[in-house]
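Undergrad: Structure file final-v2.cif (mmCIF, C-alpha atoms) is given on the next line.
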```
data_final
#
loop_
_atom_site.group_PDB
_atom_site.id
_atom_site.type_symbol
_atom_site.label_atom_id
_atom_site.label_comp_id
_atom_site.auth_asym_id
_atom_site.auth_seq_id
_atom_site.Cartn_x
_atom_site.Cartn_y
_atom_site.Cartn_z
ATOM 1 C CA MET A 1 119.037 183.890 163.262
ATOM 2 C CA ALA A 2 116.637 184.182 160.322
ATOM 3 C CA ALA A 3 112.913 183.663 160.710
ATOM 4 C CA THR A 4 110.905 181.697 158.156
ATOM 5 C CA PHE A 5 107.269 182.335 157.307
ATOM 6 C CA LEU A 6 104.768 181.667 154.550
ATOM 7 C CA THR A 7 104.049 184.330 151.951
ATOM 8 C CA GLY A 8 100.759 182.930 150.738
ATOM 9 C CA PHE A 9 102.009 180.368 148.227
ATOM 10 C CA CYS A 10 105.721 180.272 148.948
ATOM 11 C CA GLN A 11 108.051 180.251 151.883
ATOM 12 C CA ALA A 12 110.257 183.255 152.615
ATOM 13 C CA ASN A 13 113.145 183.701 154.952
ATOM 14 C CA THR A 14 114.042 187.028 156.520
ATOM 15 C CA ASP A 15 117.480 186.599 154.889
ATOM 16 C CA ASP A 16 115.648 187.099 151.552
ATOM 17 C CA PHE A 17 114.865 190.711 152.456
ATOM 18 C CA GLN A 18 117.154 193.717 152.130
ATOM 19 C CA ASN A 19 115.195 195.722 154.687
ATOM 20 C CA SER A 20 111.740 196.538 155.974
ATOM 21 C CA PHE A 21 110.005 199.852 156.513
ATOM 22 C CA LEU A 22 106.626 201.342 157.268
ATOM 23 C CA ALA A 23 104.750 202.701 154.247
ATOM 24 C CA ARG A 24 101.410 204.328 153.585
ATOM 25 C CA ILE A 25 99.524 202.023 151.228
ATOM 26 C CA THR A 26 97.212 203.615 148.679
ATOM 27 C CA TYR A 27 95.286 202.084 145.782
ATOM 28 C CA TYR A 28 94.803 203.031 142.144
ATOM 29 C CA THR A 29 93.321 201.904 138.842
ATOM 30 C CA ASP A 30 94.914 202.612 135.476
ATOM 31 C CA LYS A 31 95.187 200.927 132.100
ATOM 32 C CA ARG A 32 98.972 201.183 131.641
ATOM 33 C CA THR A 33 102.018 201.637 133.838
ATOM 34 C CA ALA A 34 104.845 204.148 133.316
ATOM 35 C CA LYS A 35 106.682 201.350 131.495
ATOM 36 C CA GLY A 36 103.674 200.742 129.214
ATOM 37 C CA VAL A 37 102.890 197.373 130.792
ATOM 38 C CA LYS A 38 99.324 196.322 131.563
ATOM 39 C CA PRO A 39 99.096 196.267 135.392
ATOM 40 C CA ALA A 40 97.987 193.129 137.237
ATOM 41 C CA GLN A 41 95.959 193.109 140.440
ATOM 42 C CA GLY A 42 97.814 191.453 143.289
ATOM 43 C CA VAL A 43 101.172 192.117 141.580
ATOM 44 C CA THR A 44 101.659 195.702 140.321
ATOM 45 C CA VAL A 45 102.613 198.624 142.536
ATOM 46 C CA ALA A 46 103.837 202.158 141.994
ATOM 47 C CA ALA A 47 106.672 203.330 144.215
ATOM 48 C CA GLU A 48 109.017 206.290 144.342
ATOM 49 C CA ARG A 49 112.073 206.499 142.087
ATOM 50 C CA ALA A 50 114.385 205.494 144.964
ATOM 51 C CA PHE A 51 113.193 201.945 144.196
ATOM 52 C CA LYS A 52 114.210 200.565 140.793
ATOM 53 C CA PHE A 53 111.640 199.167 138.384
ATOM 54 C CA GLY A 54 111.337 195.457 139.093
ATOM 55 C CA THR A 55 111.929 195.836 142.845
ATOM 56 C CA LYS A 56 109.931 193.196 144.731
ATOM 57 C CA PHE A 57 108.076 193.944 147.938
ATOM 58 C CA TYR A 58 106.313 191.670 150.397
ATOM 59 C CA ILE A 59 103.311 193.235 152.169
ATOM 60 C CA PRO A 60 101.786 190.547 154.402
ATOM 61 C CA ASP A 61 98.864 192.738 155.507
ATOM 62 C CA LEU A 62 97.524 192.720 151.931
ATOM 63 C CA ILE A 63 97.233 188.945 151.613
ATOM 64 C CA GLY A 64 93.584 188.187 150.890
ATOM 65 C CA LYS A 65 92.696 191.846 150.259
ATOM 66 C CA VAL A 66 93.876 192.430 146.695
ATOM 67 C CA GLY A 67 94.613 188.916 145.493
ATOM 68 C CA GLY A 68 98.008 187.353 145.136
ATOM 69 C CA ASN A 69 100.397 186.147 147.815
ATOM 70 C CA GLY A 70 101.503 189.484 149.233
ATOM 71 C CA ILE A 71 104.455 189.803 146.850
ATOM 72 C CA PHE A 72 104.312 192.863 144.595
ATOM 73 C CA VAL A 73 106.573 194.242 141.868
ATOM 74 C CA LYS A 74 107.255 197.891 141.105
ATOM 75 C CA HIS A 75 106.056 198.455 137.546
ATOM 76 C CA ASP A 76 104.930 202.036 137.963
ATOM 77 C CA VAL A 77 105.762 205.440 139.419
ATOM 78 C CA GLY A 78 103.685 208.561 139.852
ATOM 79 C CA PRO A 79 103.726 212.092 141.219
ATOM 80 C CA HIS A 80 101.760 211.168 144.352
ATOM 81 C CA VAL A 81 104.099 208.365 145.408
ATOM 82 C CA GLU A 82 107.155 210.431 144.528
ATOM 83 C CA SER A 83 105.989 213.389 146.632
ATOM 84 C CA ARG A 84 104.780 211.082 149.443
ATOM 85 C CA LYS A 85 101.556 213.096 149.375
ATOM 86 C CA ALA A 86 99.384 210.458 151.085
ATOM 87 C CA SER A 87 101.773 210.301 154.053
ATOM 88 C CA HIS A 88 102.282 214.077 154.214
ATOM 89 C CA GLY A 89 105.964 213.495 153.419
ATOM 90 C CA LYS A 90 106.518 211.333 156.512
ATOM 91 C CA MET A 91 107.098 207.910 154.936
ATOM 92 C CA PRO A 92 107.207 206.112 151.586
ATOM 93 C CA VAL A 93 103.937 205.601 149.721
ATOM 94 C CA ILE A 94 103.280 202.339 147.887
ATOM 95 C CA ASP A 95 100.373 202.607 145.436
ATOM 96 C CA VAL A 96 98.823 199.168 144.838
ATOM 97 C CA PHE A 97 96.999 198.502 141.574
ATOM 98 C CA VAL A 98 93.450 197.141 141.820
ATOM 99 C CA SER A 99 91.234 196.384 138.856
ATOM 100 C CA SER A 100 88.112 198.331 139.781
ATOM 101 C CA SER A 101 87.273 201.688 141.319
ATOM 102 C CA SER A 102 84.721 199.992 143.599
ATOM 103 C CA LYS A 103 87.568 197.919 145.076
ATOM 104 C CA VAL A 104 89.584 201.132 145.587
ATOM 105 C CA LYS A 105 86.677 202.664 147.526
ATOM 106 C CA LEU A 106 86.330 199.558 149.686
ATOM 107 C CA LEU A 107 90.048 199.443 150.495
ATOM 108 C CA LYS A 108 90.256 203.193 151.148
ATOM 109 C CA ALA A 109 87.566 202.815 153.810
ATOM 110 C CA HIS A 110 90.349 201.567 156.103
ATOM 111 C CA LYS A 111 91.925 204.858 157.169
ATOM 112 C CA ASP A 112 95.063 203.444 158.778
ATOM 113 C CA ASN A 113 96.686 201.851 155.740
ATOM 114 C CA ILE A 114 100.176 202.006 157.204
ATOM 115 C CA PHE A 115 101.798 198.607 156.889
ATOM 116 C CA ARG A 116 105.225 197.016 157.252
ATOM 117 C CA VAL A 117 106.747 196.454 153.807
ATOM 118 C CA TYR A 118 109.629 194.051 153.206
ATOM 119 C CA ARG A 119 111.943 194.740 150.284
ATOM 120 C CA PHE A 120 113.525 191.721 148.608
ATOM 121 C CA LYS A 121 117.290 191.708 147.949
#
```
Re-express the file's structure as structure tokens.

TA:
Amino acid sequence: MAATFLTGFCQANTDDFQNSFLARITYYTDKRTAKGVKPAQGVTVAAERAFKFGTKFYIPDLIGKVGGNGIFVKHDVGPHVESRKASHGKMPVIDVFVSSSSKVKLLKAHKDNIFRVYRFK
């Protein structure tokens, strides 16, 4: 039986997700993504190459922290997410774009940024 819950502004059903996993969440600022797109706070993330560009993720723990409704789209990739450096190789790393370095510092103050991430089908 599927569970239904709110994702900020829309309703999601667990049938909408391919899977879920724990990931180390990190934060970054940059002017352009690997695809040359201007990143958007509350939307853009970098993730390892195992996830295709355009993959959508739902991270409920980030609602109200970086803007948006908790739904993010992979528009970027980088050496630190690919190597899983922030998790010491133990789990995927999702790097969330934020618009200012002061916001990065504030969010990094929370040491245990390991959250459940839901991957849309």

Undergrad: Within 6 Å of Asp76 of chain A, counting only C-alpha atoms, which residues show up once you throw out same-chain ones fewer than 2 positions away? Write them as a ChimeraX atom specification, please.

TA: /A:33-34,46,74

Undergrad: With a distance cut-off of 9 Å and all atoms listed in the file, select the neighbouring residues of Tyr28 of chain A, excluding the residue or stretch itself and same-chain residues fewer than 2 positions from it, and output the selection as a list in words.

TA: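 Here the qualifying residues turn out to be Thr26, Asp30, Val45, Asp95, Val96, Phe97, Val98, Ser99, Ser100, Ser101 and Val104 of chain A.
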
Undergrad: Near Phe57 of chain A, counting all atoms listed in the file, which residues have an atom at most 7 Å away, once you skip same-chain residues fewer than 4 positions from it, shown as a list in words?

TA: Ile71, Phe72, Val73, Val117, Tyr118, Arg119 and Phe120 of chain A

Undergrad: Given the choices A:Val66, A:Val81, A:Leu107, A:Ile114, which gets closest to Thr44 of chain A if the distance is worked out from all atoms listed in the file?

TA: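 The answer is A:Val66, which sits nearest to Thr44 of chain A.
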
Undergrad: Kindly give the distance, in Å, that separates atom CA of Ala50 of chain A and atom CA of Lys31 of chain A, rounded to a single decimal.

TA: 23.6 Å

Undergrad: Expressed in Å to a single decimal, how great is the separation between atom CA of Ser83 of chain A and atom CA of Phe17 of chain A?

TA: 25.0 Å

Undergrad: Using Å and a single decimal, report how far atom CA of Lys103 of chain A sits from atom CA of Gln41 of chain A.

TA: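 Pair atom CA of Gln41 of chain A / atom CA of Lys103 of chain A returns 10.7 Å.
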
Undergrad: With distances taken over only C-alpha atoms, which of A:Ile59, A:Gly67, A:Pro39, A:Gly78 is nearest to Leu22 of chain A?

TA: A:Ile59

Undergrad: Set the distance at 9 Å and use only C-alpha atoms: which residues neighbour Ile25 of chain A once local chain neighbours fewer than 2 positions away are removed? I'd like the list as a ChimeraX atom specification.

TA: /A:23,27,86,92-96,112-115

Undergrad: Limited to C-alpha atoms, could you put the picked residues into a file as an mmCIF file, keeping the file's coordinate frame?

TA:
```cif
data_model
loop_
_atom_site.group_PDB
_atom_site.id
_atom_site.type_symbol
_atom_site.label_atom_id
_atom_site.label_comp_id
_atom_site.auth_asym_id
_atom_site.auth_seq_id
_atom_site.Cartn_x
_atom_site.Cartn_y
_atom_site.Cartn_z
ATOM 1 C CA ALA A 23 104.750 202.701 154.247
ATOM 2 C CA TYR A 27 95.286 202.084 145.782
ATOM 3 C CA ALA A 86 99.384 210.458 151.085
ATOM 4 C CA PRO A 92 107.207 206.112 151.586
ATOM 5 C CA VAL A 93 103.937 205.601 149.721
ATOM 6 C CA ILE A 94 103.280 202.339 147.887
ATOM 7 C CA ASP A 95 100.373 202.607 145.436
ATOM 8 C CA VAL A 96 98.823 199.168 144.838
ATOM 9 C CA ASP A 112 95.063 203.444 158.778
ATOM 10 C CA ASN A 113 96.686 201.851 155.740
ATOM 11 C CA ILE A 114 100.176 202.006 157.204
ATOM 12 C CA PHE A 115 101.798 198.607 156.889
#
```

Undergrad: Nearest to Ala47 of chain A: which of A:Lys35, A:Ile63, A:His80, A:Gly89 is it, counting only C-alpha atoms?

TA: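 With only C-alpha atoms as the atom set, the closest residue is A:His80.
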
Undergrad: Report, as AutoDock Vina command-line options, the centre and edge lengths in Å (one decimal) of the axis-aligned box enclosing every listed atom of segment 19-29 of chain A, padded by 6 Å on each side.

TA:
```
--center_x 104.3 --center_y 200.0 --center_z 148.1 --size_x 33.9 --size_y 20.6 --size_z 30.4
```

Undergrad: Have a look at A:His88, A:Lys121, A:Arg116, A:His75 and name the one nearest to Arg49 of chain A; count all atoms listed in the file.

TA: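 Looking at the shortest contact to Arg49 of chain A, the residue is A:His75.
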